[in-house]
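The structure file input.txt is reproduced below (compact mmCIF, C-alpha atoms).
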# COMPACT_ATOMS: atom_id res chain seq x y z
CA LEU A 1 10.75 -15.47 12.19
CA SER A 2 9.39 -18.85 13.26
CA LYS A 3 8.16 -17.33 16.50
CA VAL A 4 6.25 -14.64 14.59
CA GLY A 5 4.90 -17.27 12.24
CA LYS A 6 3.43 -19.18 15.17
CA LEU A 7 1.84 -16.02 16.51
CA MET A 8 0.16 -15.35 13.18
CA GLU A 9 -1.41 -18.85 13.17
CA LYS A 10 -3.66 -18.20 16.15
CA PHE A 11 -6.32 -16.55 14.01
CA LYS A 12 -7.18 -17.58 10.48
CA ILE A 13 -9.62 -16.43 7.80
CA ASN A 14 -10.69 -18.38 4.74
CA PRO A 15 -10.49 -17.17 1.09
CA PHE A 16 -14.16 -16.18 0.87
CA GLN A 17 -13.88 -14.16 4.07
CA LEU A 18 -10.86 -12.37 2.61
CA PHE A 19 -12.86 -11.73 -0.58
CA ALA A 20 -15.71 -10.25 1.48
CA LEU A 21 -13.38 -8.01 3.47
CA ILE A 22 -11.62 -6.71 0.34
CA VAL A 23 -14.86 -5.97 -1.55
CA LEU A 24 -16.44 -4.24 1.45
CA PHE A 25 -13.22 -2.29 2.03
CA GLU A 26 -12.91 -1.21 -1.61
CA LEU A 27 -16.55 -0.16 -1.85
CA GLY A 28 -16.25 1.60 1.52
CA SER A 29 -16.31 5.35 1.02
CA ALA A 30 -15.75 5.11 -2.77
CA ILE A 31 -19.29 3.98 -3.55
CA ALA A 32 -20.79 6.70 -1.36
CA LEU A 33 -18.54 9.66 -2.21
CA GLY A 34 -18.13 9.07 -5.92
CA VAL A 35 -14.67 8.65 -7.44
CA GLY A 36 -12.91 10.34 -10.35
CA LEU A 37 -15.71 12.77 -11.19
CA GLU A 38 -13.13 15.08 -12.76
CA ALA A 39 -13.48 12.80 -15.81
CA LYS A 40 -17.13 13.90 -16.08
CA GLN A 41 -19.36 11.31 -17.80
CA ASP A 42 -16.29 9.14 -18.52
CA VAL A 43 -15.75 8.48 -14.83
CA TRP A 44 -16.85 4.85 -15.18
CA ILE A 45 -13.98 4.28 -17.64
CA THR A 46 -11.43 5.78 -15.25
CA ILE A 47 -12.58 3.42 -12.48
CA ILE A 48 -12.29 0.34 -14.70
CA LEU A 49 -8.82 1.48 -15.78
CA GLY A 50 -7.89 2.17 -12.15
CA ALA A 51 -9.00 -1.33 -11.16
CA PHE A 52 -6.80 -3.00 -13.78
CA VAL A 53 -3.77 -0.95 -12.74
CA GLY A 54 -4.72 -1.70 -9.12
CA VAL A 55 -4.38 -5.40 -9.97
CA LEU A 56 -0.82 -4.74 -11.19
CA LEU A 57 -0.11 -2.94 -7.93
CA PHE A 58 -1.50 -5.90 -5.99
CA PHE A 59 1.05 -8.15 -7.73
CA ILE A 60 3.74 -6.13 -5.92
CA TYR A 61 2.02 -6.65 -2.57
CA TYR A 62 1.55 -10.34 -3.34
CA TYR A 63 5.22 -10.77 -4.25
CA LEU A 64 6.23 -9.32 -0.88
CA TYR A 65 3.71 -11.58 0.87
CA LYS A 66 5.10 -14.66 -0.89
CA GLN A 67 8.59 -13.89 0.38
CA TYR A 68 7.37 -13.65 3.99
CA PRO A 69 3.96 -15.40 4.14
CA ASN A 70 3.82 -15.46 7.95
CA LEU A 71 4.80 -11.83 8.48
CA PRO A 72 2.83 -8.59 8.24
CA LEU A 73 4.34 -5.61 6.44
CA THR A 74 5.71 -4.00 9.62
CA ASP A 75 7.73 -7.16 10.37
CA TYR A 76 9.28 -7.88 6.98
CA LEU A 77 10.24 -4.23 6.61
CA GLN A 78 12.79 -4.93 9.35
CA VAL A 79 14.03 -8.02 7.50
CA ILE A 80 14.47 -6.16 4.21
CA LEU A 81 15.65 -2.73 5.38
CA GLY A 82 17.39 -3.71 8.60
CA LYS A 83 16.16 -3.57 12.17
CA TYR A 84 16.31 0.18 12.79
CA LEU A 85 15.37 1.65 9.40
CA GLY A 86 12.70 -1.03 8.97
CA TRP A 87 11.26 -0.16 12.38
CA VAL A 88 11.04 3.54 11.49
CA VAL A 89 9.37 2.85 8.13
CA GLY A 90 6.99 0.43 9.87
CA LEU A 91 6.09 3.19 12.34
CA LEU A 92 5.34 5.52 9.43
CA TYR A 93 3.05 2.88 7.91
CA LEU A 94 1.05 2.38 11.09
CA ILE A 95 0.65 6.18 11.39
CA TYR A 96 -0.49 6.18 7.74
CA PHE A 97 -3.08 3.45 8.39
CA LEU A 98 -4.45 5.20 11.47
CA TYR A 99 -4.55 8.54 9.66
CA LEU A 100 -6.62 6.94 6.89
CA ALA A 101 -8.91 5.36 9.49
CA GLY A 102 -9.49 8.87 10.85
CA ARG A 103 -10.09 10.27 7.34
CA VAL A 104 -12.69 7.63 6.50
CA LEU A 105 -14.37 8.15 9.89
CA ARG A 106 -14.54 11.88 9.14
CA ASP A 107 -16.05 11.11 5.71
CA PHE A 108 -18.66 8.94 7.42
CA GLY A 109 -19.55 11.53 10.05
CA ASP A 110 -19.77 14.43 7.60
CA LEU A 111 -21.88 12.51 5.08
CA LEU A 112 -24.31 11.31 7.74
CA LEU A 113 -24.40 14.80 9.25
CA THR A 114 -25.23 16.57 5.99
CA SER A 115 -27.60 13.93 4.63
CA THR A 116 -29.75 12.55 7.44
CA LEU A 117 -28.71 13.80 10.91
CA PRO A 118 -28.15 17.56 10.55
CA GLU A 119 -28.86 18.33 14.21
CA THR A 120 -26.52 15.67 15.61
CA PRO A 121 -22.97 16.70 16.65
CA LEU A 122 -20.20 15.17 14.55
CA PHE A 123 -18.53 13.85 17.71
CA ILE A 124 -21.63 11.83 18.68
CA ILE A 125 -21.95 10.23 15.22
CA ASN A 126 -18.26 9.29 15.14
CA ILE A 127 -18.08 7.98 18.71
CA LEU A 128 -21.00 5.62 18.06
CA MET A 129 -19.24 4.20 15.00
CA VAL A 130 -15.94 3.84 16.87
CA ALA A 131 -17.66 2.12 19.82
CA VAL A 132 -19.07 -0.61 17.54
CA ILE A 133 -15.74 -1.03 15.72
CA VAL A 134 -13.81 -1.26 19.00
CA TYR A 135 -16.15 -4.00 20.21
CA VAL A 136 -15.73 -6.09 17.02
CA LEU A 137 -11.95 -5.59 16.83
CA TYR A 138 -11.58 -6.58 20.46
CA LEU A 139 -13.06 -9.95 19.50
CA GLY A 140 -10.47 -10.35 16.72
CA ILE A 141 -10.01 -10.62 12.96
CA GLU A 142 -12.02 -13.86 12.72
CA VAL A 143 -15.14 -12.15 14.07
CA LEU A 144 -14.65 -9.21 11.70
CA ALA A 145 -14.23 -11.65 8.78
CA ARG A 146 -17.37 -13.63 9.67
CA THR A 147 -19.28 -10.36 10.01
CA GLY A 148 -17.99 -9.40 6.57
CA GLU A 149 -19.45 -12.55 5.00
CA PHE A 150 -22.90 -11.66 6.33
CA TYR A 151 -22.82 -7.98 5.45
CA LEU A 152 -21.50 -8.55 1.94
CA PHE A 153 -24.68 -10.52 1.28
CA ILE A 154 -26.78 -7.72 2.85
CA LEU A 155 -25.02 -5.05 0.78
CA LEU A 156 -25.50 -6.97 -2.47
CA LEU A 157 -29.18 -7.54 -1.62
CA VAL A 158 -29.65 -3.81 -0.97
CA GLY A 159 -27.84 -2.98 -4.21
CA VAL A 160 -29.93 -5.34 -6.33
CA SER A 161 -33.17 -4.05 -4.73
CA ALA A 162 -32.21 -0.41 -5.30
CA ASN A 163 -31.33 -1.10 -8.95
CA ILE A 164 -34.62 -2.87 -9.63
CA LEU A 165 -36.48 0.11 -8.14
CA ILE A 166 -34.42 2.56 -10.20
CA TYR A 167 -35.32 0.71 -13.40
CA PHE A 168 -39.01 0.56 -12.43
CA SER A 169 -38.98 4.29 -11.59
CA ASP A 170 -38.02 5.13 -15.18
CA ILE A 171 -35.50 7.76 -14.05
CA LEU A 172 -32.51 6.50 -16.06
CA GLU A 173 -31.32 8.78 -18.84
CA LEU A 174 -28.48 6.92 -20.57
CA THR A 175 -27.87 9.95 -22.78
CA ASN A 176 -26.34 11.57 -19.67
CA LEU A 177 -23.38 9.23 -20.21
CA LEU A 178 -22.76 10.66 -23.68
CA PRO A 179 -20.56 11.64 -25.39
CA ILE A 180 -18.07 8.93 -24.45
CA LEU A 181 -14.43 10.05 -24.29
CA GLU A 182 -15.37 13.65 -25.00
CA GLY A 183 -12.04 14.79 -23.52
CA GLY A 184 -10.12 11.89 -25.09
CA TRP A 185 -8.04 9.19 -23.39
CA LYS A 186 -5.59 11.80 -22.11
CA ASN A 187 -8.15 13.20 -19.67
CA VAL A 188 -9.20 9.70 -18.54
CA VAL A 189 -5.60 8.69 -17.83
CA LYS A 190 -4.91 12.00 -16.06
CA VAL A 191 -7.82 11.43 -13.66
CA THR A 192 -6.91 7.77 -13.14
CA PHE A 193 -3.34 8.62 -12.05
CA PRO A 194 -2.96 9.21 -9.20
CA ASN A 195 -6.46 9.88 -7.82
CA VAL A 196 -8.50 6.83 -8.86
CA LEU A 197 -5.57 4.42 -8.64
CA THR A 198 -4.66 5.46 -5.10
CA PHE A 199 -8.29 5.74 -3.93
CA PRO A 200 -9.54 3.12 -3.50
CA PHE A 201 -7.40 0.51 -5.29
CA GLY A 202 -3.96 1.45 -3.96
CA GLU A 203 -5.33 1.34 -0.43
CA MET A 204 -5.06 -2.45 -0.79
CA ILE A 205 -1.61 -1.92 0.78
CA VAL A 206 -3.40 -2.31 4.13
CA PHE A 207 -3.99 -6.00 3.34
CA THR A 208 -0.24 -6.64 3.58
CA MET A 209 -1.03 -6.59 7.30
CA LEU A 210 -3.87 -9.11 6.99
CA LEU A 211 -2.71 -11.62 4.35
CA PRO A 212 -0.71 -13.66 6.91
CA TYR A 213 -4.05 -14.60 8.53
CA LEU A 214 -5.21 -16.37 5.35
CA ASN A 215 -5.52 -20.11 5.98
CA LYS A 216 -4.86 -21.03 2.34
CA GLN A 217 -1.81 -19.10 1.15
CA SER A 218 -2.04 -20.36 -2.43
CA SER A 219 -5.38 -18.58 -2.92
CA ALA A 220 -4.14 -15.09 -1.99
CA LEU A 221 -3.38 -13.93 -5.54
CA LYS A 222 -6.60 -15.24 -7.07
CA VAL A 223 -8.75 -13.81 -4.28
CA GLY A 224 -7.00 -10.44 -4.42
CA VAL A 225 -7.30 -10.06 -8.20
CA ILE A 226 -10.95 -11.17 -8.35
CA SER A 227 -11.87 -8.92 -5.41
CA ILE A 228 -10.30 -5.84 -7.00
CA LEU A 229 -11.97 -6.47 -10.37
CA VAL A 230 -15.38 -7.12 -8.77
CA SER A 231 -15.03 -3.98 -6.64
CA GLY A 232 -13.98 -1.95 -9.67
CA PHE A 233 -17.00 -3.13 -11.65
CA LEU A 234 -19.42 -2.38 -8.79
CA ILE A 235 -18.02 1.12 -8.20
CA SER A 236 -17.92 1.88 -11.93
CA TYR A 237 -21.49 0.68 -12.39
CA THR A 238 -22.75 2.66 -9.38
CA VAL A 239 -21.11 5.90 -10.53
CA ALA A 240 -22.49 5.37 -14.06
CA ILE A 241 -26.01 4.89 -12.62
CA ASN A 242 -25.62 8.08 -10.53
CA ILE A 243 -24.68 10.09 -13.62
CA ALA A 244 -27.40 8.46 -15.74
CA VAL A 245 -30.03 9.39 -13.16
CA LEU A 246 -28.75 12.80 -12.01
CA GLY A 247 -26.65 14.09 -14.88
CA PHE A 248 -23.01 14.96 -14.35
CA ASP A 249 -23.56 18.47 -12.96
CA ILE A 250 -25.83 17.37 -10.11
CA ALA A 251 -23.77 14.24 -9.38
CA ASN A 252 -20.62 16.37 -9.20
CA ARG A 253 -22.17 18.95 -6.85
CA SER A 254 -23.71 16.36 -4.54
CA LYS A 255 -21.76 15.41 -1.41
CA PHE A 256 -23.50 12.02 -1.38
CA PRO A 257 -24.48 11.17 -5.02
CA LEU A 258 -25.79 7.71 -4.14
CA LEU A 259 -28.25 9.20 -1.64
CA THR A 260 -29.45 11.75 -4.21
CA THR A 261 -29.94 8.98 -6.78
CA VAL A 262 -31.89 6.72 -4.41
CA GLY A 263 -33.95 9.75 -3.31
CA LYS A 264 -35.36 10.01 -6.85
CA ILE A 265 -36.88 6.53 -6.77
CA ARG A 266 -40.65 6.62 -7.30
CA ALA A 267 -41.98 3.12 -7.95
CA MET A 268 -45.54 1.74 -7.97
CA GLU A 269 -46.88 5.06 -6.61
CA PHE A 270 -46.00 4.27 -3.01
CA LEU A 271 -42.32 3.30 -2.90
CA GLU A 272 -40.35 6.51 -2.39
CA ARG A 273 -38.02 8.25 0.07
CA LEU A 274 -35.84 5.14 0.24
CA ASP A 275 -32.89 7.09 1.62
CA ALA A 276 -32.34 4.32 4.16
CA LEU A 277 -30.94 2.07 1.41
CA ALA A 278 -28.16 4.56 0.61
CA VAL A 279 -27.47 5.25 4.28
CA MET A 280 -27.26 1.51 4.99
CA THR A 281 -24.72 1.16 2.16
CA LEU A 282 -22.72 4.04 3.64
CA VAL A 283 -22.73 2.61 7.18
CA ILE A 284 -21.77 -0.93 6.11
CA GLY A 285 -19.00 0.14 3.73
CA MET A 286 -17.51 2.72 6.08
CA PHE A 287 -17.65 0.34 9.05
CA PHE A 288 -15.47 -2.24 7.32
CA LYS A 289 -13.07 0.28 5.81
CA ILE A 290 -12.43 1.99 9.16
CA SER A 291 -12.22 -1.38 10.93
CA ILE A 292 -9.58 -2.74 8.56
CA PHE A 293 -7.42 0.39 8.72
CA MET A 294 -7.70 0.39 12.52
CA TYR A 295 -6.89 -3.30 12.81
CA ALA A 296 -3.81 -2.85 10.62
CA GLY A 297 -2.72 -0.01 12.91
CA ILE A 298 -3.35 -2.14 15.98
CA ILE A 299 -1.29 -5.04 14.61
CA GLY A 300 1.47 -2.61 13.67
CA VAL A 301 1.63 -1.12 17.17
CA LYS A 302 1.50 -4.60 18.71
CA LYS A 303 4.43 -5.80 16.61
CA LEU A 304 6.61 -2.71 16.79
CA PHE A 305 6.17 -2.10 20.51
CA ASN A 306 5.99 -5.76 21.59
CA PHE A 307 2.54 -5.82 23.17
CA LYS A 308 1.36 -9.31 24.05
CA LYS A 309 -2.32 -8.96 23.09
CA HIS A 310 -4.02 -6.74 20.55
CA GLN A 311 -6.93 -6.25 22.98
CA GLU A 312 -4.73 -3.93 25.05
CA LEU A 313 -4.57 -1.51 22.12
CA VAL A 314 -8.11 -1.53 20.75
CA VAL A 315 -9.59 1.17 23.01
CA PRO A 316 -6.57 3.56 22.94
CA ILE A 317 -6.35 3.35 19.14
CA GLY A 318 -10.10 3.81 18.88
CA ILE A 319 -9.77 7.03 20.90
CA VAL A 320 -6.86 8.22 18.72
CA THR A 321 -8.88 7.53 15.55
CA LEU A 322 -11.93 9.33 16.97
CA PHE A 323 -10.09 12.51 17.92
CA SER A 324 -8.02 12.60 14.73
CA SER A 325 -11.25 12.43 12.71
CA ILE A 326 -12.62 15.46 14.55
CA THR A 327 -9.49 17.60 14.50
CA MET A 328 -7.95 16.86 11.07
CA ALA A 329 -10.03 19.48 9.26
CA GLY A 330 -12.19 22.47 10.13
CA SER A 331 -14.90 21.71 7.58
CA PHE A 332 -16.02 19.11 5.03
CA ILE A 333 -14.78 21.35 2.19
CA GLU A 334 -11.30 21.61 3.74
CA HIS A 335 -11.31 17.87 4.41
CA SER A 336 -12.30 17.05 0.80
CA LYS A 337 -9.76 19.44 -0.70
CA GLU A 338 -6.97 17.86 1.35
CA GLY A 339 -8.12 14.40 0.27
CA LEU A 340 -8.08 15.33 -3.43
CA GLU A 341 -4.98 17.52 -3.65
CA VAL A 342 -2.56 16.59 -0.86
CA VAL A 343 -3.13 12.99 0.22
CA PRO A 344 -2.83 11.24 -3.20
CA LEU A 345 0.52 12.80 -4.10
CA TYR A 346 2.27 13.13 -0.76
CA LEU A 347 0.93 10.12 1.16
CA HIS A 348 -0.70 7.55 -1.12
CA LEU A 349 1.94 7.42 -3.86
CA PRO A 350 4.95 6.98 -1.51
CA PHE A 351 3.23 4.42 0.77
CA GLN A 352 1.25 2.53 -1.87
CA VAL A 353 3.67 2.57 -4.81
CA GLY A 354 7.09 3.99 -3.91
CA ILE A 355 8.11 2.03 -0.82
CA PRO A 356 6.63 -1.37 -1.91
CA SER A 357 8.35 -1.06 -5.32
CA MET A 358 11.64 -0.22 -3.59
CA LEU A 359 11.28 -3.29 -1.35
CA VAL A 360 10.74 -5.55 -4.37
CA ILE A 361 13.81 -4.09 -6.09
CA ILE A 362 15.95 -4.68 -2.97
CA ILE A 363 14.77 -8.31 -2.75
CA LEU A 364 15.48 -8.94 -6.45
CA ILE A 365 18.97 -7.40 -6.20
CA ARG A 366 19.77 -9.51 -3.15
CA LYS A 367 18.60 -12.67 -4.91
CA LYS A 368 20.70 -11.83 -7.96
CA LEU A 369 23.79 -11.16 -5.83
CA LEU A 370 23.19 -14.42 -3.94
CA ARG A 371 22.99 -16.39 -7.19
CA SER A 372 26.12 -14.74 -8.59
CA ASN A 373 28.05 -15.52 -5.38
CA ASN A 374 27.04 -19.17 -5.61
Show me this structure written as structure tokens.
Amino acid sequence: LSKVGKLMEKFKINPFQLFALIVLFELGSAIALGVGLEAKQDVWITIILGAFVGVLLFFIYYYLYKQYPNLPLTDYLQVILGKYLGWVVGLLYLIYFLYLAGRVLRDFGDLLLTSTLPETPLFIINILMVAVIVYVLYLGIEVLARTGEFYLFILLLVGVSANILIYFSDILELTNLLPILEGGWKNVVKVTFPNVLTFPFGEMIVFTMLLPYLNKQSSALKVGVISILVSGFLISYTVAINIAVLGFDIANRSKFPLLTTVGKIRAMEFLERLDALAVMTLVIGMFFKISIFMYAGIIGVKKLFNFKKHQELVVPIGIVTLFSSITMAGSFIEHSKEGLEVVPLYLHLPFQVGIPSMLVIIILIRKKLLRSNN
């Protein structure tokens, strides 16, 4: 373990950089696609609820991190479950991370294709994104983290500007958010579990691969909790604005609600067609989400298969992510249906909730047995 610990010390990120990466990751595709719209105008409540439960889920990830602060998930799985079973489960996790990288890349390509680049082949859009990500990941986690600091500021600036223009355009209809809790709390809770909890808040499981790079271990819990709550507020607010501007029916039918909302801005008789603001938000958020999933996959492969440098894996894993994004679904409708009906139940819940909870239980039982033997 000491050898692994030394390896993890080569690259370090500070608490604010971790905060930036988590917020950008959580916003990612969630702020562009819209989350939990099955709850209709109460969707903003489901997201807030999902964020608070996501914090509870993060406590599980943090507990595991505290037991093995210098190890990523794929390493301490072998400590907890044994060398062979832990290796197999670690392999499943890295496949899971790379599959999600491919899913988010497909989301990005399809949204850009349908919204702004209808004549461009999906492959071309995706390969350009992967090329940029491969370049940044080749340089390492520190470069990605420093980039995150800068782009978090850019994203917040774009968000504030867009909101000011929305208010000046007089297109908000707050009555679109009424009646509140029309379907009661039962419907809100039903939408929150598992869909909103697992996407995007449960996807924080990927940071079990990155927390060992934090240079101040004591700040991990505080940074994680604040990041999730800030992300939850921003997503909830954005979805509420979309519904207030568009109404639930249009927001629900739109593939890219944020773009449709921004497209309605008409301010000072000359500021209009500001689609670039929504597209910029999409590109920034998706870039960091795909990058973090890919980097987790790269670290997992490096650890499990004993590669010396992560740079050896960046291009091959970039190619795998690219082709999986193209081949995983025949259409955007098929891709979305799979993401709503299959992935939350059969992938997210086991990998985000089931296995981490089982690991915590095993650790607690071992500690109890150790105390009783002493």
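Using all atoms listed in the file, the nearest neighbour of Tyr213 (chain A) within the list A:Leu139, A:Ile299, A:Leu156, A:Ile13 is A:Ile13.
If only C-alpha atoms are the atoms counted, then among A:Leu57, A:Ile290, A:Ala131, A:Leu258 the closest residue to Leu349 (chain A) is A:Leu57.
Counting only C-alpha atoms and comparing A:Ile228, A:Val283, A:Gln78, A:Leu364, the residue that lies closest to Glu203 (chain A) is A:Ile228.
With only C-alpha atoms as the atoms that count, the residue of A:Val343, A:Leu229, A:Met129, A:Leu37 with the shortest distance to Phe108 (chain A) is A:Met129.
Shortest separation to Gly102 (chain A) among A:Phe293, A:Trp185, A:Phe351, A:Trp87 occurs at residue A:Phe293, atoms counted being only C-alpha atoms.
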